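Encoded as structure tokens, the structure appears first; notes follow it.
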Amino acid sequence: MPTKSGDRRIRVVVSANSAVSRSGLESIVRNSGLLELSGSFAGWSQFAPRLHEFQPEVVIAELSRDEFDSFEGSQAQGSTDSFIPIVALIDHAEAAWIARVLRRGVKAILPRHASSAEIVWAIQAANAGLFLFDANTAEQLTNRFRSAPMPEPSQLVEELTVRELEILRKLAEGLGNKQIASSLAISEHTVKFHISSILDKLGASSRTEAVTIGIRMGLVLV
């Protein structure tokens with residue numbers, strides 16, 4: 001159903017183990033003229049096998065450590081797409097874990113007690129490809145990047161494979177997954193696998209950050 005402005009609503013899937021939390025998130029989505037509820041599940045184990053049936057544009061999920069481990073497992077089995085934007089509602093977590101979830105498709109992080117307006121804003125931001133964090137998460141990430149030592153270029157070159165370096169340089173050119181796959185004669189799934197590996201090895205939370213690190217380390221020429 002279109003919004004008053006004529007824009008199409010954002011298709012959202014809700015994931016939460018708690019029936020009370022799930023009902024609350026469903027209500028927020030249904031009551032927003034900007035969103036459309038595509039599905040609702042009691043955790044990733046139920047949602048992952050039905051991903052393509054519901055075709056969400058954004059997933060909003062209560063994400064504990066156990067729930068995230070389940071999500072990572074489903075990615076490893078190829079049953080979810082890591083590039084579907086995720087809005088995560090989490091309890092307090094340390095910076096290293098936050099960086100880990102960002103490498104797996106999480107675009108927005110809010111506390112579980114976030115308001116309806118904050119959740120709707122986060123879904124809109126994630127759908128637009130933007131990152132959105134609450135103040136505590138942003139502070140933890142800032143402190144982590146300030147204190148983390150930058151690896152030596154030689155260490156990064158040794159760690160990244162030749163194919164990963166090729167793909168990193170394609171990312172720097174602004175190419176999308178399809179374009180990279182076509183230019184290197186490999187599948188899109190393989191491209192996604194290599195990009196995930198690049199992010200892990202460089203300690204980057206996004207493709208843009210990986211390219212920035214690559215430029216600073218001399219791995220990418222501009």
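To be explicit about the labels: the chains of the structure tokens are called A, B, and onward in the order shown, and within each one the residues are counted from 1, while ligands get numbers from 1 in the order they are shown.
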
Near range 53-67 of chain A, within 9 Å and counting only C-alpha atoms, which residues show up once chain neighbours fewer than 5 positions away are dropped, as a PyMOL selection string? chain A and resi 10-18+21-22+25+37-39+43-45+72+84-91+97+112+119+123-124+126-127

Do you know which residues are at most 10 Å from Ser197 in chain A counting only C-alpha atoms, after dropping those on the same chain fewer than 3 positions away, and could you put them as a VMD selection string? chain A and resid 103 160 to 161 164 191 to 194 200 to 203

Near Glu188 in chain A, counting only C-alpha atoms, which residues have an atom at most 10 Å away, once you skip same-chain residues fewer than 5 positions from it, shown as a list in words? Gly176, Asn177, Lys178, Gln179, Ile180, Ala181, Ser182, Phe193 and His194 of chain A

For Ile195 in chain A, please output as JSON, numbers by chain all residues within 8 Å (counting only C-alpha atoms; exclusion window: fewer than 5 positions along the same chain). {"A": [164, 167, 168, 207]}

Rounded to one decimal in Å, what is the spacing between CA of Ile28 in chain A and CA of Val101 in chain A?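 If I compute the distance from CA of Ile28 in chain A to CA of Val101 in chain A, I get 23.7 Å.
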
Need to verify the contact set: Val220 in chain A, 6 Å, only C-alpha atoms, exclusion of same-chain residues closer than 3 positions in sequence. Can you return it as a VMD selection string? chain A and resid 169 214 to 215

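Distance annotation: of A:Ala172, A:Ile186, A:Val20, A:Ser115, the residue with the minimal separation from Ile213 in chain A is A:Ala172; atom set is only C-alpha atoms.
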
Enter the distance from CA of Glu209 in chain A to CA of Glu118 in chain A, in Å, rounded to one decimal. 25.2 Å

Quick one: of A:Glu173, A:Arg50, A:Ser196, A:Ser40, who's nearest to Ser27 in chain A, counting only C-alpha atoms?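 Of A:Glu173, A:Arg50, A:Ser196, A:Ser40, the one nearest Ser27 in chain A is A:Ser40, counting only C-alpha atoms.
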
With distances taken over only C-alpha atoms, which residue among A:Arg104, A:Arg163, A:Lys170, A:His113 lies nearest Leu199 in chain A?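 Of all the options, A:Arg104 lies closest to Leu199 in chain A.
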